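> Input target_18.txt, format and content: compact mmCIF, N, CA and C atoms.
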# COMPACT_ATOMS: atom_id res chain seq x y z
N MET C 13 56.96 5.78 65.08
CA MET C 13 57.44 6.23 63.78
C MET C 13 58.51 5.27 63.29
N GLU C 14 58.36 4.80 62.08
CA GLU C 14 59.29 3.85 61.51
C GLU C 14 60.40 4.58 60.74
N LEU C 15 61.53 4.80 61.43
CA LEU C 15 62.70 5.40 60.78
C LEU C 15 63.81 4.37 60.74
N THR C 16 64.50 4.33 59.61
CA THR C 16 65.70 3.52 59.49
C THR C 16 66.79 4.40 58.92
N PHE C 17 68.02 3.93 59.05
CA PHE C 17 69.17 4.72 58.65
C PHE C 17 70.15 3.83 57.90
N SER C 18 70.82 4.42 56.93
CA SER C 18 71.88 3.71 56.22
C SER C 18 72.96 4.70 55.83
N PRO C 19 74.16 4.21 55.59
CA PRO C 19 75.24 5.12 55.17
C PRO C 19 74.89 5.80 53.86
N ALA C 20 75.25 7.06 53.76
CA ALA C 20 75.09 7.78 52.49
C ALA C 20 76.13 7.27 51.50
N ALA C 21 75.80 7.39 50.25
CA ALA C 21 76.70 6.98 49.17
C ALA C 21 77.22 8.22 48.45
N ALA C 22 78.25 8.04 47.65
CA ALA C 22 78.85 9.16 46.92
C ALA C 22 77.80 9.92 46.11
N GLU C 23 76.83 9.20 45.55
CA GLU C 23 75.81 9.88 44.73
C GLU C 23 74.86 10.73 45.57
N ASP C 24 74.85 10.58 46.89
CA ASP C 24 74.03 11.42 47.76
C ASP C 24 74.65 12.80 47.99
N ALA C 25 75.93 12.94 47.72
CA ALA C 25 76.64 14.20 48.00
C ALA C 25 76.01 15.38 47.28
N ALA C 26 75.61 15.20 46.05
CA ALA C 26 75.02 16.32 45.29
C ALA C 26 73.71 16.79 45.93
N GLU C 27 72.88 15.85 46.40
CA GLU C 27 71.62 16.25 47.02
C GLU C 27 71.86 16.93 48.36
N ILE C 28 72.79 16.41 49.14
CA ILE C 28 73.13 17.05 50.42
C ILE C 28 73.65 18.46 50.16
N PHE C 29 74.49 18.62 49.16
CA PHE C 29 75.02 19.95 48.83
C PHE C 29 73.90 20.89 48.40
N ARG C 30 72.91 20.40 47.67
CA ARG C 30 71.79 21.27 47.26
C ARG C 30 71.06 21.84 48.49
N PHE C 31 70.86 21.00 49.50
CA PHE C 31 70.23 21.49 50.73
C PHE C 31 71.11 22.54 51.41
N ALA C 32 72.40 22.24 51.51
CA ALA C 32 73.33 23.17 52.16
C ALA C 32 73.37 24.49 51.41
N ARG C 33 73.45 24.41 50.10
CA ARG C 33 73.51 25.63 49.29
C ARG C 33 72.26 26.48 49.47
N GLU C 34 71.10 25.84 49.51
CA GLU C 34 69.85 26.56 49.70
C GLU C 34 69.86 27.33 51.03
N LEU C 35 70.32 26.69 52.08
CA LEU C 35 70.38 27.37 53.38
C LEU C 35 71.38 28.53 53.36
N ILE C 36 72.54 28.28 52.80
CA ILE C 36 73.56 29.33 52.73
C ILE C 36 73.04 30.52 51.94
N GLU C 37 72.46 30.26 50.78
CA GLU C 37 71.96 31.35 49.95
C GLU C 37 70.77 32.07 50.59
N THR C 38 70.02 31.37 51.41
CA THR C 38 68.86 31.98 52.08
C THR C 38 69.28 32.82 53.29
N TYR C 39 70.23 32.32 54.07
CA TYR C 39 70.50 32.94 55.37
C TYR C 39 71.82 33.67 55.51
N GLU C 40 72.77 33.45 54.63
CA GLU C 40 74.04 34.18 54.73
C GLU C 40 73.89 35.55 54.08
N ASN C 41 74.73 36.46 54.51
CA ASN C 41 74.75 37.80 53.95
C ASN C 41 75.94 37.90 52.99
N PRO C 42 75.70 37.91 51.69
CA PRO C 42 76.81 37.92 50.73
C PRO C 42 77.67 39.17 50.81
N ARG C 43 77.17 40.22 51.46
CA ARG C 43 77.99 41.42 51.64
C ARG C 43 79.03 41.24 52.75
N GLU C 44 78.81 40.25 53.59
CA GLU C 44 79.71 40.04 54.73
C GLU C 44 80.60 38.81 54.58
N MET C 45 80.45 38.08 53.48
CA MET C 45 81.25 36.88 53.29
C MET C 45 81.44 36.60 51.81
N ASP C 46 82.39 35.75 51.51
CA ASP C 46 82.66 35.31 50.15
C ASP C 46 81.79 34.08 49.89
N LEU C 47 80.64 34.28 49.26
CA LEU C 47 79.68 33.21 49.05
C LEU C 47 80.27 32.07 48.22
N ASP C 48 80.99 32.40 47.16
CA ASP C 48 81.58 31.37 46.31
C ASP C 48 82.56 30.52 47.12
N ARG C 49 83.35 31.13 47.93
CA ARG C 49 84.32 30.40 48.77
C ARG C 49 83.59 29.50 49.77
N ALA C 50 82.53 30.00 50.38
CA ALA C 50 81.76 29.21 51.35
C ALA C 50 81.13 27.99 50.67
N LEU C 51 80.61 28.18 49.47
CA LEU C 51 79.99 27.06 48.76
C LEU C 51 81.03 26.02 48.35
N LYS C 52 82.20 26.47 47.91
CA LYS C 52 83.26 25.52 47.56
C LYS C 52 83.71 24.73 48.78
N TRP C 53 83.86 25.42 49.93
CA TRP C 53 84.26 24.75 51.16
C TRP C 53 83.19 23.72 51.56
N THR C 54 81.94 24.09 51.45
CA THR C 54 80.83 23.21 51.83
C THR C 54 80.81 21.97 50.94
N ARG C 55 80.93 22.16 49.65
CA ARG C 55 80.94 21.02 48.72
C ARG C 55 82.10 20.08 49.04
N ARG C 56 83.28 20.65 49.27
CA ARG C 56 84.46 19.85 49.58
C ARG C 56 84.26 19.06 50.88
N LYS C 57 83.67 19.72 51.90
CA LYS C 57 83.42 19.06 53.19
C LYS C 57 82.50 17.86 52.99
N ILE C 58 81.42 18.06 52.28
CA ILE C 58 80.45 16.98 52.06
C ILE C 58 81.09 15.84 51.29
N GLU C 59 81.76 16.15 50.20
CA GLU C 59 82.37 15.10 49.38
C GLU C 59 83.46 14.35 50.13
N THR C 60 84.25 15.07 50.91
CA THR C 60 85.34 14.45 51.67
C THR C 60 84.81 13.54 52.77
N HIS C 61 83.70 13.92 53.40
CA HIS C 61 83.17 13.19 54.55
C HIS C 61 81.87 12.43 54.26
N ILE C 62 81.59 12.14 52.99
CA ILE C 62 80.32 11.51 52.66
C ILE C 62 80.13 10.19 53.41
N GLY C 63 81.21 9.51 53.74
CA GLY C 63 81.11 8.26 54.49
C GLY C 63 80.60 8.43 55.90
N GLN C 64 80.59 9.67 56.41
CA GLN C 64 80.09 9.94 57.76
C GLN C 64 78.61 10.33 57.75
N TYR C 65 78.06 10.56 56.59
CA TYR C 65 76.66 10.95 56.49
C TYR C 65 75.76 9.72 56.53
N ARG C 66 74.55 9.92 57.02
CA ARG C 66 73.55 8.86 57.07
C ARG C 66 72.31 9.33 56.32
N CYS C 67 71.68 8.40 55.62
CA CYS C 67 70.39 8.65 55.00
C CYS C 67 69.32 8.25 56.01
N VAL C 68 68.27 9.04 56.06
CA VAL C 68 67.12 8.77 56.92
C VAL C 68 66.00 8.24 56.02
N TYR C 69 65.42 7.13 56.41
CA TYR C 69 64.30 6.55 55.67
C TYR C 69 63.06 6.53 56.55
N PHE C 70 61.97 6.99 56.00
CA PHE C 70 60.68 6.99 56.67
C PHE C 70 59.78 6.04 55.90
N CYS C 71 59.35 4.97 56.56
CA CYS C 71 58.52 3.96 55.90
C CYS C 71 59.16 3.47 54.60
N GLY C 72 60.47 3.31 54.62
CA GLY C 72 61.20 2.78 53.48
C GLY C 72 61.56 3.79 52.41
N GLN C 73 61.15 5.05 52.55
CA GLN C 73 61.44 6.09 51.56
C GLN C 73 62.49 7.06 52.10
N LYS C 74 63.45 7.43 51.27
CA LYS C 74 64.48 8.37 51.71
C LYS C 74 63.84 9.70 52.07
N ALA C 75 64.06 10.12 53.31
CA ALA C 75 63.42 11.33 53.82
C ALA C 75 64.41 12.40 54.22
N GLY C 76 65.71 12.09 54.27
CA GLY C 76 66.67 13.12 54.66
C GLY C 76 68.06 12.57 54.88
N PHE C 77 68.90 13.45 55.45
CA PHE C 77 70.31 13.15 55.67
C PHE C 77 70.78 13.83 56.95
N PHE C 78 71.85 13.29 57.53
CA PHE C 78 72.52 13.97 58.64
C PHE C 78 73.91 13.39 58.81
N ARG C 79 74.70 14.11 59.58
CA ARG C 79 76.06 13.69 59.93
C ARG C 79 76.20 13.90 61.43
N PHE C 80 76.65 12.89 62.16
CA PHE C 80 76.80 12.96 63.61
C PHE C 80 78.19 12.46 63.94
N VAL C 81 79.07 13.38 64.33
CA VAL C 81 80.49 13.06 64.47
C VAL C 81 81.08 13.65 65.75
N PRO C 82 82.18 13.04 66.22
CA PRO C 82 82.86 13.61 67.38
C PRO C 82 83.41 15.00 67.07
N CYS C 83 83.38 15.85 68.07
CA CYS C 83 83.99 17.18 67.97
C CYS C 83 84.60 17.48 69.34
N GLU C 84 85.28 18.59 69.42
CA GLU C 84 85.93 18.95 70.67
C GLU C 84 84.90 19.03 71.80
N GLY C 85 85.04 18.16 72.79
CA GLY C 85 84.17 18.21 73.96
C GLY C 85 82.82 17.56 73.79
N GLY C 86 82.59 16.82 72.71
CA GLY C 86 81.28 16.19 72.56
C GLY C 86 81.06 15.63 71.17
N MET C 87 79.83 15.76 70.71
CA MET C 87 79.43 15.29 69.39
C MET C 87 78.78 16.45 68.65
N GLU C 88 78.94 16.46 67.33
CA GLU C 88 78.32 17.50 66.51
C GLU C 88 77.28 16.87 65.59
N LEU C 89 76.09 17.44 65.61
CA LEU C 89 75.05 17.10 64.64
C LEU C 89 75.16 18.11 63.51
N ASP C 90 75.49 17.62 62.34
CA ASP C 90 75.82 18.49 61.22
C ASP C 90 74.94 18.14 60.02
N ASP C 91 74.53 19.15 59.30
CA ASP C 91 73.82 18.94 58.03
C ASP C 91 72.61 18.03 58.17
N LEU C 92 71.73 18.34 59.11
CA LEU C 92 70.47 17.62 59.21
C LEU C 92 69.50 18.25 58.22
N TYR C 93 69.15 17.47 57.19
CA TYR C 93 68.25 17.95 56.15
C TYR C 93 67.12 16.94 55.98
N ILE C 94 65.91 17.42 56.06
CA ILE C 94 64.73 16.61 55.81
C ILE C 94 64.13 17.08 54.48
N LEU C 95 63.87 16.14 53.59
CA LEU C 95 63.29 16.49 52.30
C LEU C 95 61.95 17.20 52.51
N PRO C 96 61.66 18.20 51.67
CA PRO C 96 60.45 19.02 51.87
C PRO C 96 59.17 18.23 52.06
N GLU C 97 58.99 17.17 51.30
CA GLU C 97 57.74 16.41 51.39
C GLU C 97 57.61 15.62 52.69
N TYR C 98 58.68 15.55 53.48
CA TYR C 98 58.65 14.83 54.76
C TYR C 98 58.72 15.75 55.97
N ARG C 99 58.80 17.03 55.74
CA ARG C 99 58.88 17.97 56.86
C ARG C 99 57.53 18.05 57.58
N GLY C 100 57.60 18.39 58.86
CA GLY C 100 56.39 18.55 59.65
C GLY C 100 55.80 17.24 60.16
N ARG C 101 56.55 16.16 60.04
CA ARG C 101 56.06 14.85 60.48
C ARG C 101 56.78 14.34 61.72
N GLY C 102 57.68 15.15 62.27
CA GLY C 102 58.42 14.72 63.46
C GLY C 102 59.70 13.97 63.17
N ILE C 103 60.08 13.89 61.89
CA ILE C 103 61.27 13.13 61.52
C ILE C 103 62.53 13.82 62.05
N GLY C 104 62.63 15.14 61.87
CA GLY C 104 63.79 15.86 62.38
C GLY C 104 63.91 15.70 63.89
N THR C 105 62.80 15.82 64.59
CA THR C 105 62.80 15.64 66.04
C THR C 105 63.31 14.25 66.40
N ALA C 106 62.81 13.23 65.70
CA ALA C 106 63.22 11.85 65.99
C ALA C 106 64.71 11.65 65.74
N VAL C 107 65.25 12.25 64.69
CA VAL C 107 66.68 12.11 64.40
C VAL C 107 67.50 12.78 65.51
N VAL C 108 67.13 13.98 65.89
CA VAL C 108 67.86 14.69 66.95
C VAL C 108 67.80 13.89 68.25
N GLU C 109 66.62 13.40 68.61
CA GLU C 109 66.49 12.63 69.85
C GLU C 109 67.31 11.34 69.78
N ARG C 110 67.33 10.71 68.63
CA ARG C 110 68.12 9.48 68.48
C ARG C 110 69.61 9.77 68.66
N CYS C 111 70.09 10.83 68.03
CA CYS C 111 71.50 11.19 68.16
C CYS C 111 71.85 11.49 69.62
N CYS C 112 71.02 12.26 70.28
CA CYS C 112 71.29 12.61 71.68
C CYS C 112 71.27 11.37 72.57
N ALA C 113 70.41 10.41 72.26
CA ALA C 113 70.32 9.19 73.05
C ALA C 113 71.51 8.26 72.83
N GLU C 114 72.20 8.43 71.70
CA GLU C 114 73.34 7.57 71.34
C GLU C 114 74.61 7.90 72.11
N THR C 115 74.66 9.04 72.76
CA THR C 115 75.91 9.48 73.36
C THR C 115 75.70 9.96 74.79
N ALA C 116 76.75 9.80 75.58
CA ALA C 116 76.75 10.34 76.94
C ALA C 116 77.49 11.67 76.96
N LEU C 117 77.78 12.21 75.78
CA LEU C 117 78.51 13.47 75.64
C LEU C 117 77.54 14.59 75.26
N PRO C 118 77.95 15.83 75.49
CA PRO C 118 77.13 16.95 75.00
C PRO C 118 77.04 16.90 73.47
N VAL C 119 75.95 17.44 72.94
CA VAL C 119 75.75 17.51 71.49
C VAL C 119 75.65 18.98 71.11
N MET C 120 76.38 19.36 70.06
CA MET C 120 76.35 20.75 69.59
C MET C 120 76.02 20.77 68.11
N LEU C 121 75.59 21.94 67.66
CA LEU C 121 75.30 22.14 66.25
C LEU C 121 75.31 23.62 65.93
N TYR C 122 75.48 23.92 64.67
CA TYR C 122 75.43 25.30 64.17
C TYR C 122 74.07 25.52 63.53
N VAL C 123 73.53 26.72 63.72
CA VAL C 123 72.24 27.08 63.14
C VAL C 123 72.30 28.52 62.63
N PHE C 124 71.66 28.77 61.51
CA PHE C 124 71.51 30.14 61.06
C PHE C 124 70.50 30.82 61.97
N ILE C 125 70.84 31.98 62.48
CA ILE C 125 70.01 32.71 63.44
C ILE C 125 68.62 32.99 62.87
N GLN C 126 68.54 33.29 61.59
CA GLN C 126 67.25 33.60 60.98
C GLN C 126 66.44 32.36 60.60
N ASN C 127 67.02 31.19 60.77
CA ASN C 127 66.30 29.95 60.50
C ASN C 127 65.49 29.61 61.75
N THR C 128 64.42 30.36 61.94
CA THR C 128 63.66 30.29 63.18
C THR C 128 63.00 28.92 63.39
N GLY C 129 62.66 28.24 62.32
CA GLY C 129 62.08 26.91 62.45
C GLY C 129 63.06 25.94 63.08
N ALA C 130 64.29 25.90 62.55
CA ALA C 130 65.31 25.01 63.09
C ALA C 130 65.70 25.44 64.51
N LEU C 131 65.86 26.73 64.70
CA LEU C 131 66.24 27.24 66.01
C LEU C 131 65.19 26.85 67.05
N GLY C 132 63.93 27.02 66.72
CA GLY C 132 62.86 26.66 67.64
C GLY C 132 62.83 25.17 67.94
N LEU C 133 63.03 24.35 66.92
CA LEU C 133 63.06 22.90 67.11
C LEU C 133 64.14 22.52 68.11
N TYR C 134 65.35 23.01 67.88
CA TYR C 134 66.46 22.64 68.76
C TYR C 134 66.24 23.15 70.18
N GLN C 135 65.72 24.34 70.32
CA GLN C 135 65.47 24.86 71.66
C GLN C 135 64.39 24.05 72.37
N ARG C 136 63.35 23.63 71.67
CA ARG C 136 62.32 22.76 72.27
C ARG C 136 62.91 21.43 72.73
N LEU C 137 63.98 21.00 72.06
CA LEU C 137 64.61 19.72 72.40
C LEU C 137 65.73 19.87 73.43
N GLY C 138 65.83 21.04 74.04
CA GLY C 138 66.77 21.21 75.14
C GLY C 138 68.11 21.84 74.79
N PHE C 139 68.26 22.30 73.56
CA PHE C 139 69.51 22.97 73.17
C PHE C 139 69.43 24.44 73.58
N THR C 140 70.58 24.99 73.94
CA THR C 140 70.65 26.42 74.26
C THR C 140 71.75 27.05 73.42
N ILE C 141 71.57 28.31 73.09
CA ILE C 141 72.59 29.04 72.35
C ILE C 141 73.76 29.29 73.28
N THR C 142 74.94 28.88 72.84
CA THR C 142 76.13 29.07 73.66
C THR C 142 77.08 30.12 73.08
N GLU C 143 76.94 30.37 71.77
CA GLU C 143 77.87 31.31 71.15
C GLU C 143 77.30 31.78 69.82
N GLN C 144 77.46 33.05 69.53
CA GLN C 144 77.15 33.56 68.20
C GLN C 144 78.49 33.65 67.48
N VAL C 145 78.66 32.87 66.42
CA VAL C 145 79.95 32.77 65.75
C VAL C 145 80.10 33.72 64.58
N SER C 146 78.99 34.29 64.14
CA SER C 146 79.03 35.29 63.07
C SER C 146 77.72 36.08 63.16
N ALA C 147 77.56 37.01 62.25
CA ALA C 147 76.32 37.78 62.24
C ALA C 147 75.12 36.91 61.87
N THR C 148 75.39 35.74 61.26
CA THR C 148 74.30 34.90 60.76
C THR C 148 74.17 33.55 61.44
N ARG C 149 75.18 33.11 62.18
CA ARG C 149 75.17 31.76 62.74
C ARG C 149 75.48 31.74 64.24
N CYS C 150 74.92 30.72 64.89
CA CYS C 150 75.21 30.52 66.29
C CYS C 150 75.42 29.02 66.55
N ILE C 151 76.01 28.74 67.71
CA ILE C 151 76.20 27.37 68.15
C ILE C 151 75.19 27.09 69.25
N LEU C 152 74.53 25.95 69.14
CA LEU C 152 73.63 25.47 70.18
C LEU C 152 74.24 24.22 70.79
N ARG C 153 73.93 24.00 72.06
CA ARG C 153 74.50 22.87 72.76
C ARG C 153 73.46 22.27 73.68
N ARG C 154 73.46 20.97 73.74
CA ARG C 154 72.60 20.26 74.69
C ARG C 154 73.51 19.39 75.54
N GLU C 155 73.45 19.60 76.82
CA GLU C 155 74.30 18.85 77.74
C GLU C 155 73.83 17.41 77.80
N ALA C 156 74.77 16.52 78.12
CA ALA C 156 74.45 15.10 78.26
C ALA C 156 73.55 14.92 79.49
N PRO C 157 72.69 13.92 79.45
CA PRO C 157 71.80 13.68 80.60
C PRO C 157 72.57 13.25 81.85
Kindly present the structure from the file in structure tokens form.

Amino acid sequence: MELTFSPAAAEDAAEIFRFARELIETYENPREMDLDRALKWTRRKIETHIGQYRCVYFCGQKAGFFRFVPCEGGMELDDLYILPEYRGRGIGTAVVERCCAETALPVMLYVFIQNTGALGLYQRLGFTITEQVSATRCILRREAP
């Protein structure tokens, strides 16, 4: 599979936020949280850290985004989004495997519990649920080889 990566640019922030917003609106429970506050925090996080995001290219076409950064005790894979027309081709799997291969540290990520597709992908790739952080989200972790 021909994947390449490049730094995200400021103009990518809006598209990354659209993906994040879609997930939040789909999987969060607005009765249990302040949705407007969560969306503002998410937008601010993306805009502030856009230099840490990477664009994923499949055969030269932009296919998604992700952020892979140090966190307490390891690395965090954050905001992995594959554009709808590129889903189901193994691109997400390839990105996760690439990130895990880049580090000798454990890799963690947050997932919405009801996002069974993402949850299943990460579990197939060796991640295990280590903590439920809210009624809607959990942390998964894959130990270093």
> So the first atom is atom CA of Gly72 of chain C and the second is atom CA of Tyr134 of chain C; what is the distance between them in Å, to one decimal place?
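So the two atoms, atom CA of Gly72 of chain C and atom CA of Tyr134 of chain C, lie 25.6 Å apart.
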> May I have the residues within 8 Å of segment 96-99 of chain C as a ChimeraX atom specification, using only C-alpha atoms and disregarding those fewer than 4 positions away in the same chain?
/C:75,103-104
> From the options C:Ala22, C:Met13, C:Ala156, C:Val68, which residue's atoms come nearest to Cys112 of chain C, counting all atoms listed in the file?
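Using all atoms listed in the file, Cys112 of chain C sits closest to C:Ala156.
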> Taking into account only C-alpha atoms, which residue in the set C:Pro157, C:Cys111, C:Asp24, C:Glu40 is nearest to Pro82 of chain C?
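For Pro82 of chain C, the nearest of the candidates is C:Cys111.
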> Just the alpha helix (DSSP H) stuff from chain C, please, per backbone DSSP, written as JSON, numbers by chain.
{"C": [25, 26, 27, 28, 29, 30, 31, 32, 33, 34, 35, 36, 37, 38, 39, 47, 48, 49, 50, 51, 52, 53, 54, 55, 56, 57, 58, 59, 60, 103, 104, 105, 106, 107, 108, 109, 110, 111, 112, 113, 128, 129, 130, 131, 132, 133, 134, 135, 136]}
> For a quick check of understanding, using all atoms listed in the file, which of C:Tyr122, C:Glu114, C:Thr16, C:Glu34 has the smallest distance to Gln73 of chain C?
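Of C:Tyr122, C:Glu114, C:Thr16, C:Glu34, the one nearest Gln73 of chain C is C:Thr16, counting all atoms listed in the file.
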> Could you tell me how far atom C of Pro118 of chain C lies from atom C of Glu84 of chain C, in Å and to one decimal?
8.3 Å
> Mind giving me the straight-line distance from atom CA of Thr148 of chain C to atom CA of Leu89 of chain C in Å, one decimal?
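Going from atom CA of Thr148 of chain C over to atom CA of Leu89 of chain C, I get 18.2 Å.
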> Padding 5 Å on each side, edges along x, y and z: where is the centre of the box around the listed atoms of segment 41-57 of chain C, and how long are its edges in Å to one decimal? Output it as lines of an AutoDock Vina configuration file.

center_x = 79.6
center_y = 29.6
center_z = 50.5
size_x = 19.7
size_y = 33.6
size_z = 18.4
> Which one of C:Leu51, C:Ile28, C:Ile125, C:Ala147 sits closest to Asp91 of chain C if you count only N, CA and C atoms?
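With only N, CA and C atoms as the atom set, the closest residue is C:Ile28.
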> Step by step: start from the point (79.0, 11.0, 52.2) in the file's coordinates, keep every protein, DNA or RNA residue that has an atom no farther than 9 Å from it, count only C-alpha atoms, and write the set as a ChimeraX atom specification.
/C:19-25,28,58-66,79
> Quick one: residues within 8 Å of Leu121 of chain C, all atoms listed in the file, excluding same-chain residues fewer than 4 positions away - as an MDAnalysis selection string?
chainID C and resid 87:91 150:154
> Between C:Asn127, C:Arg33, C:Ala50, C:Val119, single out the one closest to Phe139 of chain C, counting all atoms listed in the file.
C:Val119
